[in-house]
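Quick look at start_39.txt (compact mmCIF, N, CA and C atoms):
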# COMPACT_ATOMS: atom_id res chain seq x y z
N ILE A 1 0.86 -1.18 0.00
CA ILE A 1 0.00 0.00 0.00
C ILE A 1 0.89 1.23 0.00
N SER A 2 0.63 2.13 -0.93
CA SER A 2 1.37 3.39 -0.93
C SER A 2 0.40 4.50 -0.58
N LEU A 3 0.85 5.44 0.18
CA LEU A 3 -0.03 6.52 0.64
C LEU A 3 0.28 7.81 -0.09
N VAL A 4 -0.76 8.51 -0.45
CA VAL A 4 -0.65 9.85 -0.99
C VAL A 4 -1.25 10.76 0.07
N THR A 5 -0.44 11.60 0.68
CA THR A 5 -0.94 12.38 1.80
C THR A 5 -1.60 13.67 1.34
N ASN A 6 -2.42 14.19 2.21
CA ASN A 6 -3.07 15.49 2.04
C ASN A 6 -3.87 15.58 0.75
N LEU A 7 -4.70 14.61 0.50
CA LEU A 7 -5.53 14.60 -0.69
C LEU A 7 -6.60 15.67 -0.57
N ALA A 8 -6.50 16.70 -1.35
CA ALA A 8 -7.43 17.83 -1.35
C ALA A 8 -7.63 18.38 0.05
N GLY A 9 -6.62 18.28 0.89
CA GLY A 9 -6.70 18.79 2.25
C GLY A 9 -7.56 17.95 3.15
N ALA A 10 -8.06 16.81 2.66
CA ALA A 10 -9.02 16.03 3.44
C ALA A 10 -8.37 14.96 4.30
N GLY A 11 -7.26 14.45 3.89
CA GLY A 11 -6.65 13.35 4.63
C GLY A 11 -5.70 12.59 3.75
N THR A 12 -5.82 11.29 3.74
CA THR A 12 -4.90 10.47 2.95
C THR A 12 -5.66 9.65 1.93
N CYS A 13 -4.94 9.24 0.92
CA CYS A 13 -5.49 8.37 -0.11
C CYS A 13 -4.55 7.19 -0.24
N ALA A 14 -5.05 5.99 0.00
CA ALA A 14 -4.24 4.78 -0.11
C ALA A 14 -4.51 4.11 -1.44
N THR A 15 -3.45 3.65 -2.11
CA THR A 15 -3.59 2.84 -3.30
C THR A 15 -3.53 1.40 -2.86
N LEU A 16 -4.56 0.63 -3.15
CA LEU A 16 -4.70 -0.73 -2.66
C LEU A 16 -4.58 -1.73 -3.80
N ASP A 17 -3.90 -2.86 -3.55
CA ASP A 17 -3.83 -3.96 -4.50
C ASP A 17 -4.55 -5.15 -3.90
N HIS A 18 -5.33 -5.83 -4.72
CA HIS A 18 -6.05 -7.02 -4.28
C HIS A 18 -6.18 -7.93 -5.49
N LYS A 19 -6.34 -9.23 -5.26
CA LYS A 19 -6.49 -10.18 -6.36
C LYS A 19 -7.62 -9.80 -7.30
N ALA A 20 -8.71 -9.29 -6.76
CA ALA A 20 -9.90 -8.97 -7.55
C ALA A 20 -9.76 -7.65 -8.30
N GLY A 21 -8.81 -6.82 -7.93
CA GLY A 21 -8.64 -5.54 -8.61
C GLY A 21 -7.82 -4.60 -7.77
N LYS A 22 -7.91 -3.35 -8.07
CA LYS A 22 -7.14 -2.33 -7.37
C LYS A 22 -8.10 -1.25 -6.90
N GLY A 23 -7.60 -0.35 -6.05
CA GLY A 23 -8.50 0.68 -5.59
C GLY A 23 -7.80 1.83 -4.90
N LEU A 24 -8.57 2.85 -4.65
CA LEU A 24 -8.16 4.00 -3.86
C LEU A 24 -9.15 4.13 -2.72
N GLU A 25 -8.66 4.48 -1.57
CA GLU A 25 -9.53 4.73 -0.42
C GLU A 25 -9.08 6.03 0.20
N THR A 26 -10.01 6.95 0.36
CA THR A 26 -9.71 8.25 0.95
C THR A 26 -10.24 8.27 2.37
N GLU A 27 -9.39 8.69 3.31
CA GLU A 27 -9.76 8.68 4.72
C GLU A 27 -9.45 10.02 5.36
N ILE A 28 -10.19 10.33 6.42
CA ILE A 28 -9.86 11.47 7.26
C ILE A 28 -9.69 10.95 8.69
N LYS A 29 -8.89 11.66 9.44
CA LYS A 29 -8.69 11.30 10.85
C LYS A 29 -9.25 12.44 11.68
N HIS A 30 -10.14 12.07 12.59
CA HIS A 30 -10.79 13.08 13.44
C HIS A 30 -10.93 12.49 14.84
N LYS A 31 -10.32 13.13 15.80
CA LYS A 31 -10.40 12.69 17.20
C LYS A 31 -10.07 11.20 17.34
N ARG A 32 -8.92 10.82 16.81
CA ARG A 32 -8.39 9.44 16.90
C ARG A 32 -9.19 8.41 16.11
N ARG A 33 -10.17 8.85 15.38
CA ARG A 33 -10.96 7.92 14.57
C ARG A 33 -10.65 8.17 13.09
N VAL A 34 -10.56 7.09 12.35
CA VAL A 34 -10.35 7.19 10.91
C VAL A 34 -11.65 6.84 10.22
N LYS A 35 -12.04 7.66 9.28
CA LYS A 35 -13.30 7.46 8.59
C LYS A 35 -13.04 7.46 7.07
N THR A 36 -13.54 6.43 6.39
CA THR A 36 -13.44 6.40 4.94
C THR A 36 -14.48 7.35 4.38
N ILE A 37 -14.05 8.26 3.51
CA ILE A 37 -14.97 9.25 2.95
C ILE A 37 -15.12 9.09 1.43
N GLY A 38 -14.33 8.22 0.84
CA GLY A 38 -14.43 8.01 -0.59
C GLY A 38 -13.64 6.79 -1.01
N PHE A 39 -14.02 6.22 -2.14
CA PHE A 39 -13.28 5.07 -2.64
C PHE A 39 -13.46 4.96 -4.15
N ALA A 40 -12.54 4.24 -4.75
CA ALA A 40 -12.62 3.92 -6.17
C ALA A 40 -12.07 2.52 -6.35
N MET A 41 -12.76 1.70 -7.12
CA MET A 41 -12.28 0.36 -7.45
C MET A 41 -12.05 0.32 -8.96
N TYR A 42 -10.94 -0.26 -9.37
CA TYR A 42 -10.64 -0.32 -10.80
C TYR A 42 -9.86 -1.58 -11.13
N PHE A 43 -9.83 -1.88 -12.41
CA PHE A 43 -9.02 -2.98 -12.92
C PHE A 43 -8.62 -2.63 -14.34
N TYR A 44 -7.74 -3.44 -14.91
CA TYR A 44 -7.28 -3.20 -16.27
C TYR A 44 -7.96 -4.18 -17.22
N LYS A 45 -8.25 -3.69 -18.41
CA LYS A 45 -8.79 -4.57 -19.44
C LYS A 45 -8.23 -4.13 -20.79
N PHE A 46 -8.47 -4.93 -21.79
CA PHE A 46 -7.91 -4.66 -23.11
C PHE A 46 -9.02 -4.49 -24.12
N ASP A 47 -8.93 -3.45 -24.92
CA ASP A 47 -9.86 -3.20 -26.01
C ASP A 47 -9.07 -3.35 -27.31
N PRO A 48 -9.53 -4.20 -28.23
CA PRO A 48 -8.75 -4.45 -29.45
C PRO A 48 -8.55 -3.21 -30.32
N TRP A 49 -9.39 -2.18 -30.18
CA TRP A 49 -9.25 -0.97 -30.99
C TRP A 49 -8.33 0.06 -30.36
N ILE A 50 -8.32 0.14 -29.03
CA ILE A 50 -7.53 1.21 -28.41
C ILE A 50 -6.50 0.72 -27.40
N GLY A 51 -6.46 -0.57 -27.10
CA GLY A 51 -5.43 -1.12 -26.22
C GLY A 51 -5.85 -1.22 -24.76
N LYS A 52 -4.88 -1.10 -23.88
CA LYS A 52 -5.10 -1.26 -22.44
C LYS A 52 -5.90 -0.11 -21.88
N LEU A 53 -6.90 -0.44 -21.05
CA LEU A 53 -7.76 0.55 -20.41
C LEU A 53 -7.75 0.38 -18.90
N LEU A 54 -7.90 1.48 -18.19
CA LEU A 54 -8.22 1.42 -16.77
C LEU A 54 -9.73 1.47 -16.70
N GLN A 55 -10.34 0.38 -16.22
CA GLN A 55 -11.80 0.31 -16.08
C GLN A 55 -12.16 0.70 -14.66
N LEU A 56 -12.76 1.86 -14.50
CA LEU A 56 -13.19 2.35 -13.19
C LEU A 56 -14.53 1.69 -12.88
N GLU A 57 -14.52 0.77 -11.95
CA GLU A 57 -15.70 -0.04 -11.64
C GLU A 57 -16.64 0.66 -10.66
N ASP A 58 -16.08 1.35 -9.70
CA ASP A 58 -16.90 2.04 -8.71
C ASP A 58 -16.15 3.26 -8.23
N PHE A 59 -16.87 4.36 -8.04
CA PHE A 59 -16.26 5.62 -7.63
C PHE A 59 -17.28 6.36 -6.78
N TYR A 60 -16.90 6.72 -5.56
CA TYR A 60 -17.86 7.36 -4.68
C TYR A 60 -17.16 8.22 -3.65
N VAL A 61 -17.74 9.39 -3.39
CA VAL A 61 -17.34 10.26 -2.28
C VAL A 61 -18.59 10.43 -1.42
N ASN A 62 -18.45 10.19 -0.11
CA ASN A 62 -19.60 10.32 0.79
C ASN A 62 -20.26 11.69 0.63
N GLU A 63 -21.57 11.69 0.74
CA GLU A 63 -22.37 12.88 0.45
C GLU A 63 -21.90 14.12 1.21
N GLY A 64 -21.56 13.99 2.46
CA GLY A 64 -21.13 15.14 3.25
C GLY A 64 -19.79 15.71 2.83
N TYR A 65 -19.06 15.01 1.97
CA TYR A 65 -17.73 15.46 1.54
C TYR A 65 -17.69 15.78 0.05
N GLN A 66 -18.83 15.70 -0.63
CA GLN A 66 -18.89 16.04 -2.05
C GLN A 66 -18.78 17.55 -2.21
N GLY A 67 -18.20 17.97 -3.31
CA GLY A 67 -18.06 19.40 -3.59
C GLY A 67 -16.85 20.04 -2.94
N LEU A 68 -16.00 19.25 -2.30
CA LEU A 68 -14.82 19.79 -1.62
C LEU A 68 -13.52 19.54 -2.40
N GLY A 69 -13.62 18.97 -3.59
CA GLY A 69 -12.43 18.68 -4.40
C GLY A 69 -11.84 17.30 -4.17
N ILE A 70 -12.46 16.50 -3.33
CA ILE A 70 -11.93 15.17 -3.03
C ILE A 70 -12.08 14.25 -4.24
N GLY A 71 -13.25 14.26 -4.87
CA GLY A 71 -13.45 13.45 -6.06
C GLY A 71 -12.51 13.86 -7.18
N ALA A 72 -12.33 15.16 -7.35
CA ALA A 72 -11.41 15.66 -8.39
C ALA A 72 -9.98 15.20 -8.12
N ALA A 73 -9.58 15.22 -6.85
CA ALA A 73 -8.24 14.76 -6.50
C ALA A 73 -8.10 13.25 -6.73
N MET A 74 -9.16 12.50 -6.44
CA MET A 74 -9.12 11.06 -6.70
C MET A 74 -9.06 10.78 -8.20
N LEU A 75 -9.83 11.53 -9.01
CA LEU A 75 -9.76 11.36 -10.46
C LEU A 75 -8.38 11.71 -10.99
N LYS A 76 -7.75 12.72 -10.41
CA LYS A 76 -6.39 13.08 -10.81
C LYS A 76 -5.44 11.91 -10.51
N LYS A 77 -5.56 11.32 -9.34
CA LYS A 77 -4.71 10.19 -8.97
C LYS A 77 -4.98 9.00 -9.91
N LEU A 78 -6.25 8.72 -10.20
CA LEU A 78 -6.58 7.63 -11.12
C LEU A 78 -6.01 7.90 -12.51
N SER A 79 -6.05 9.15 -12.96
CA SER A 79 -5.48 9.51 -14.26
C SER A 79 -3.99 9.29 -14.27
N GLN A 80 -3.31 9.64 -13.17
CA GLN A 80 -1.87 9.40 -13.07
C GLN A 80 -1.56 7.90 -13.11
N ILE A 81 -2.38 7.10 -12.43
CA ILE A 81 -2.20 5.65 -12.43
C ILE A 81 -2.37 5.11 -13.85
N ALA A 82 -3.40 5.56 -14.56
CA ALA A 82 -3.63 5.11 -15.94
C ALA A 82 -2.44 5.44 -16.83
N ILE A 83 -1.93 6.65 -16.72
CA ILE A 83 -0.77 7.06 -17.52
C ILE A 83 0.46 6.25 -17.16
N ASP A 84 0.72 6.08 -15.86
CA ASP A 84 1.90 5.35 -15.39
C ASP A 84 1.88 3.87 -15.78
N THR A 85 0.68 3.31 -16.00
CA THR A 85 0.57 1.89 -16.36
C THR A 85 0.29 1.72 -17.85
N GLN A 86 0.60 2.73 -18.64
CA GLN A 86 0.48 2.72 -20.09
C GLN A 86 -0.92 2.40 -20.61
N CYS A 87 -1.95 2.92 -19.93
CA CYS A 87 -3.32 2.78 -20.42
C CYS A 87 -3.58 3.87 -21.46
N SER A 88 -4.40 3.54 -22.45
CA SER A 88 -4.74 4.53 -23.46
C SER A 88 -5.98 5.33 -23.08
N ALA A 89 -6.72 4.86 -22.06
CA ALA A 89 -7.93 5.55 -21.65
C ALA A 89 -8.39 5.03 -20.29
N MET A 90 -9.30 5.77 -19.68
CA MET A 90 -10.00 5.31 -18.47
C MET A 90 -11.49 5.28 -18.84
N GLN A 91 -12.13 4.17 -18.52
CA GLN A 91 -13.51 3.96 -18.91
C GLN A 91 -14.36 3.64 -17.69
N PHE A 92 -15.63 4.08 -17.70
CA PHE A 92 -16.51 3.85 -16.56
C PHE A 92 -17.96 3.99 -17.00
N LEU A 93 -18.86 3.50 -16.17
CA LEU A 93 -20.30 3.62 -16.43
C LEU A 93 -20.90 4.63 -15.47
N VAL A 94 -21.92 5.33 -15.93
CA VAL A 94 -22.68 6.23 -15.08
C VAL A 94 -24.15 5.92 -15.32
N VAL A 95 -24.89 5.70 -14.25
CA VAL A 95 -26.31 5.39 -14.38
C VAL A 95 -27.04 6.58 -15.02
N ILE A 96 -27.98 6.29 -15.87
CA ILE A 96 -28.62 7.31 -16.70
C ILE A 96 -29.29 8.43 -15.91
N TRP A 97 -29.79 8.15 -14.70
CA TRP A 97 -30.47 9.19 -13.93
C TRP A 97 -29.52 10.10 -13.16
N ASN A 98 -28.22 9.79 -13.15
CA ASN A 98 -27.26 10.61 -12.41
C ASN A 98 -26.75 11.75 -13.30
N GLN A 99 -27.64 12.67 -13.60
CA GLN A 99 -27.34 13.75 -14.54
C GLN A 99 -26.21 14.65 -14.05
N ASP A 100 -26.12 14.88 -12.74
CA ASP A 100 -25.04 15.73 -12.21
C ASP A 100 -23.67 15.13 -12.55
N SER A 101 -23.52 13.82 -12.37
CA SER A 101 -22.25 13.17 -12.68
C SER A 101 -21.98 13.18 -14.18
N ILE A 102 -23.00 12.92 -14.98
CA ILE A 102 -22.83 12.94 -16.44
C ILE A 102 -22.33 14.31 -16.89
N GLU A 103 -22.95 15.38 -16.38
CA GLU A 103 -22.52 16.73 -16.73
C GLU A 103 -21.11 17.02 -16.23
N TYR A 104 -20.78 16.56 -15.03
CA TYR A 104 -19.44 16.77 -14.47
C TYR A 104 -18.37 16.10 -15.32
N TYR A 105 -18.57 14.82 -15.63
CA TYR A 105 -17.57 14.10 -16.42
C TYR A 105 -17.47 14.67 -17.83
N THR A 106 -18.59 15.10 -18.40
CA THR A 106 -18.57 15.70 -19.73
C THR A 106 -17.78 17.01 -19.72
N ARG A 107 -17.97 17.81 -18.65
CA ARG A 107 -17.19 19.06 -18.53
C ARG A 107 -15.69 18.78 -18.45
N LEU A 108 -15.33 17.65 -17.84
CA LEU A 108 -13.91 17.30 -17.73
C LEU A 108 -13.34 16.72 -19.02
N GLY A 109 -14.22 16.43 -20.00
CA GLY A 109 -13.75 15.93 -21.28
C GLY A 109 -14.10 14.48 -21.59
N ALA A 110 -14.81 13.80 -20.69
CA ALA A 110 -15.20 12.42 -20.94
C ALA A 110 -16.23 12.37 -22.07
N VAL A 111 -16.17 11.29 -22.84
CA VAL A 111 -17.08 11.10 -23.96
C VAL A 111 -18.11 10.05 -23.57
N ASP A 112 -19.38 10.36 -23.79
CA ASP A 112 -20.47 9.42 -23.52
C ASP A 112 -20.55 8.46 -24.71
N LEU A 113 -20.00 7.26 -24.56
CA LEU A 113 -19.94 6.31 -25.66
C LEU A 113 -21.31 5.84 -26.11
N SER A 114 -22.30 5.85 -25.23
CA SER A 114 -23.63 5.40 -25.61
C SER A 114 -24.25 6.34 -26.65
N SER A 115 -23.93 7.61 -26.60
CA SER A 115 -24.47 8.53 -27.60
C SER A 115 -23.47 8.80 -28.72
N GLU A 116 -22.17 8.83 -28.41
CA GLU A 116 -21.16 9.14 -29.42
C GLU A 116 -20.85 7.96 -30.34
N GLU A 117 -20.75 6.75 -29.77
CA GLU A 117 -20.35 5.59 -30.56
C GLU A 117 -21.46 4.54 -30.67
N GLY A 118 -22.57 4.76 -29.97
CA GLY A 118 -23.70 3.84 -30.08
C GLY A 118 -23.52 2.51 -29.38
N TRP A 119 -22.68 2.46 -28.36
CA TRP A 119 -22.48 1.21 -27.62
C TRP A 119 -23.61 1.00 -26.62
N HIS A 120 -23.99 -0.24 -26.42
CA HIS A 120 -24.99 -0.62 -25.42
C HIS A 120 -24.37 -1.65 -24.49
N LEU A 121 -24.64 -1.55 -23.22
CA LEU A 121 -24.15 -2.50 -22.23
C LEU A 121 -25.13 -3.66 -22.13
N PHE A 122 -24.63 -4.88 -22.27
CA PHE A 122 -25.45 -6.08 -22.15
C PHE A 122 -24.93 -6.94 -21.02
N ARG A 123 -25.81 -7.79 -20.49
CA ARG A 123 -25.43 -8.69 -19.41
C ARG A 123 -26.16 -10.01 -19.60
N PHE A 124 -25.45 -11.12 -19.35
CA PHE A 124 -26.07 -12.43 -19.21
C PHE A 124 -26.16 -12.71 -17.72
N ASN A 125 -27.37 -12.90 -17.19
CA ASN A 125 -27.53 -13.28 -15.79
C ASN A 125 -27.29 -14.78 -15.64
N MET A 126 -27.27 -15.27 -14.41
CA MET A 126 -26.90 -16.65 -14.14
C MET A 126 -27.75 -17.65 -14.91
N ASP A 127 -29.08 -17.45 -14.95
CA ASP A 127 -29.94 -18.37 -15.69
C ASP A 127 -29.53 -18.44 -17.16
N ASP A 128 -29.21 -17.30 -17.74
CA ASP A 128 -28.78 -17.26 -19.13
C ASP A 128 -27.44 -17.98 -19.30
N LEU A 129 -26.52 -17.76 -18.37
CA LEU A 129 -25.21 -18.42 -18.43
C LEU A 129 -25.37 -19.93 -18.36
N LEU A 130 -26.22 -20.39 -17.46
CA LEU A 130 -26.43 -21.83 -17.32
C LEU A 130 -27.01 -22.41 -18.61
N GLU A 131 -27.96 -21.69 -19.20
CA GLU A 131 -28.55 -22.15 -20.47
C GLU A 131 -27.54 -22.16 -21.59
N LEU A 132 -26.74 -21.11 -21.69
CA LEU A 132 -25.71 -21.04 -22.72
C LEU A 132 -24.65 -22.12 -22.54
N ALA A 133 -24.28 -22.38 -21.30
CA ALA A 133 -23.25 -23.39 -21.03
C ALA A 133 -23.71 -24.78 -21.40
N GLU A 134 -25.01 -25.04 -21.36
CA GLU A 134 -25.56 -26.36 -21.69
C GLU A 134 -25.69 -26.58 -23.19
N GLU A 135 -25.76 -25.50 -23.96
CA GLU A 135 -25.96 -25.63 -25.41
C GLU A 135 -24.75 -26.28 -26.04
N GLU A 136 -25.02 -27.08 -27.08
CA GLU A 136 -23.95 -27.78 -27.81
C GLU A 136 -23.58 -27.01 -29.04

Show the structure stored in the file as structure tokens.
Amino acid sequence: ISLVTNLAGAGTCATLDHKAGKGLETEIKHKRRVKTIGFAMYFYKFDPWIGKLLQLEDFYVNEGYQGLGIGAAMLKKLSQIAIDTQCSAMQFLVVIWNQDSIEYYTRLGAVDLSSEEGWHLFRFNMDDLLELAEEE
């Protein structure tokens, strides 16, 4: 674990490694107690058209700490990680009703692939997987 201190003046940000993926955790210390106020989980994947990507799986800053620059500092750290690990892009999903986040990421330069490139996210649930696995 490597620590990045004084993240947006809020506390520390730890870079975490785990078998399932990687992450950032932002904490503050107040009266001998440590409280997690934000986190990001990510992993690497490969896209045949653009190469290695940092896939941001989950990103959250606790409601009481939003608007203080903590999320921006975490995105900056994630961007540095993507560059340092030779990723060509960072990719993530945003739920359609979260208009504030969509507008925020768009202002920062993110491209909405669902409207720009026409991509749709699909999922096979367990019943579908079991059925597909049985087919010859």

List every residue of segment 21-80 of chain A that DSSP, applied to the backbone of this structure, places in alpha helix (DSSP H), and write the result as a list in words.
Ile70, Gly71, Ala72, Ala73, Met74, Leu75, Lys76, Lys77, Leu78, Ser79 and Gln80 of chain A

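One finds atom N of Ile50 of chain A at 8.6 Å from atom N of Ala89 of chain A.
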
Mind giving me the straight-line distance from atom N of Tyr60 of chain A to atom N of Thr85 of chain A in Å, one decimal?
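Interatomic distance, atom N of Tyr60 of chain A to atom N of Thr85 of chain A: 20.7 Å.
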
The residue from A:Leu53, A:Asp84, A:Met90, A:Met41 with the smallest atom-to-atom distance to Tyr105 of chain A, counting only C-alpha atoms, is A:Met90

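Going from atom N of His120 of chain A to atom C of Phe92 of chain A covers 12.0 Å.
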
From (-6.6, -2.1, -17.4), in the file's coordinates, out to 8 Å: which residues are reached, counting only C-alpha atoms? Answer as an mmCIF file with N, CA and C atoms, keeping the file's coordinate frame.
data_model
loop_
_atom_site.group_PDB
_atom_site.id
_atom_site.type_symbol
_atom_site.label_atom_id
_atom_site.label_comp_id
_atom_site.auth_asym_id
_atom_site.auth_seq_id
_atom_site.Cartn_x
_atom_site.Cartn_y
_atom_site.Cartn_z
ATOM 1 N N TYR A 42 -10.940 -0.260 -9.370
ATOM 2 C CA TYR A 42 -10.640 -0.320 -10.800
ATOM 3 C C TYR A 42 -9.860 -1.580 -11.130
ATOM 4 N N PHE A 43 -9.830 -1.880 -12.410
ATOM 5 C CA PHE A 43 -9.020 -2.980 -12.920
ATOM 6 C C PHE A 43 -8.620 -2.630 -14.340
ATOM 7 N N TYR A 44 -7.740 -3.440 -14.910
ATOM 8 C CA TYR A 44 -7.280 -3.200 -16.270
ATOM 9 C C TYR A 44 -7.960 -4.180 -17.220
ATOM 10 N N LYS A 45 -8.250 -3.690 -18.410
ATOM 11 C CA LYS A 45 -8.790 -4.570 -19.440
ATOM 12 C C LYS A 45 -8.230 -4.130 -20.790
ATOM 13 N N PHE A 46 -8.470 -4.930 -21.790
ATOM 14 C CA PHE A 46 -7.910 -4.660 -23.110
ATOM 15 C C PHE A 46 -9.020 -4.490 -24.120
ATOM 16 N N LYS A 52 -4.880 -1.100 -23.880
ATOM 17 C CA LYS A 52 -5.100 -1.260 -22.440
ATOM 18 C C LYS A 52 -5.900 -0.110 -21.880
ATOM 19 N N LEU A 53 -6.900 -0.440 -21.050
ATOM 20 C CA LEU A 53 -7.760 0.550 -20.410
ATOM 21 C C LEU A 53 -7.750 0.380 -18.900
ATOM 22 N N LEU A 54 -7.900 1.480 -18.190
ATOM 23 C CA LEU A 54 -8.220 1.420 -16.770
ATOM 24 C C LEU A 54 -9.730 1.470 -16.700
ATOM 25 N N GLN A 55 -10.340 0.380 -16.220
ATOM 26 C CA GLN A 55 -11.800 0.310 -16.080
ATOM 27 C C GLN A 55 -12.160 0.700 -14.660
ATOM 28 N N ALA A 82 -3.400 5.560 -14.560
ATOM 29 C CA ALA A 82 -3.630 5.110 -15.940
ATOM 30 C C ALA A 82 -2.440 5.440 -16.830
ATOM 31 N N CYS A 87 -1.950 2.920 -19.930
ATOM 32 C CA CYS A 87 -3.320 2.780 -20.420
ATOM 33 C C CYS A 87 -3.580 3.870 -21.460
#

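Take the candidates A:Val34, A:Ala40, A:Ile102, A:Leu132 and check each one against Leu78 of chain A using only C-alpha atoms; the shortest distance goes to A:Ala40.
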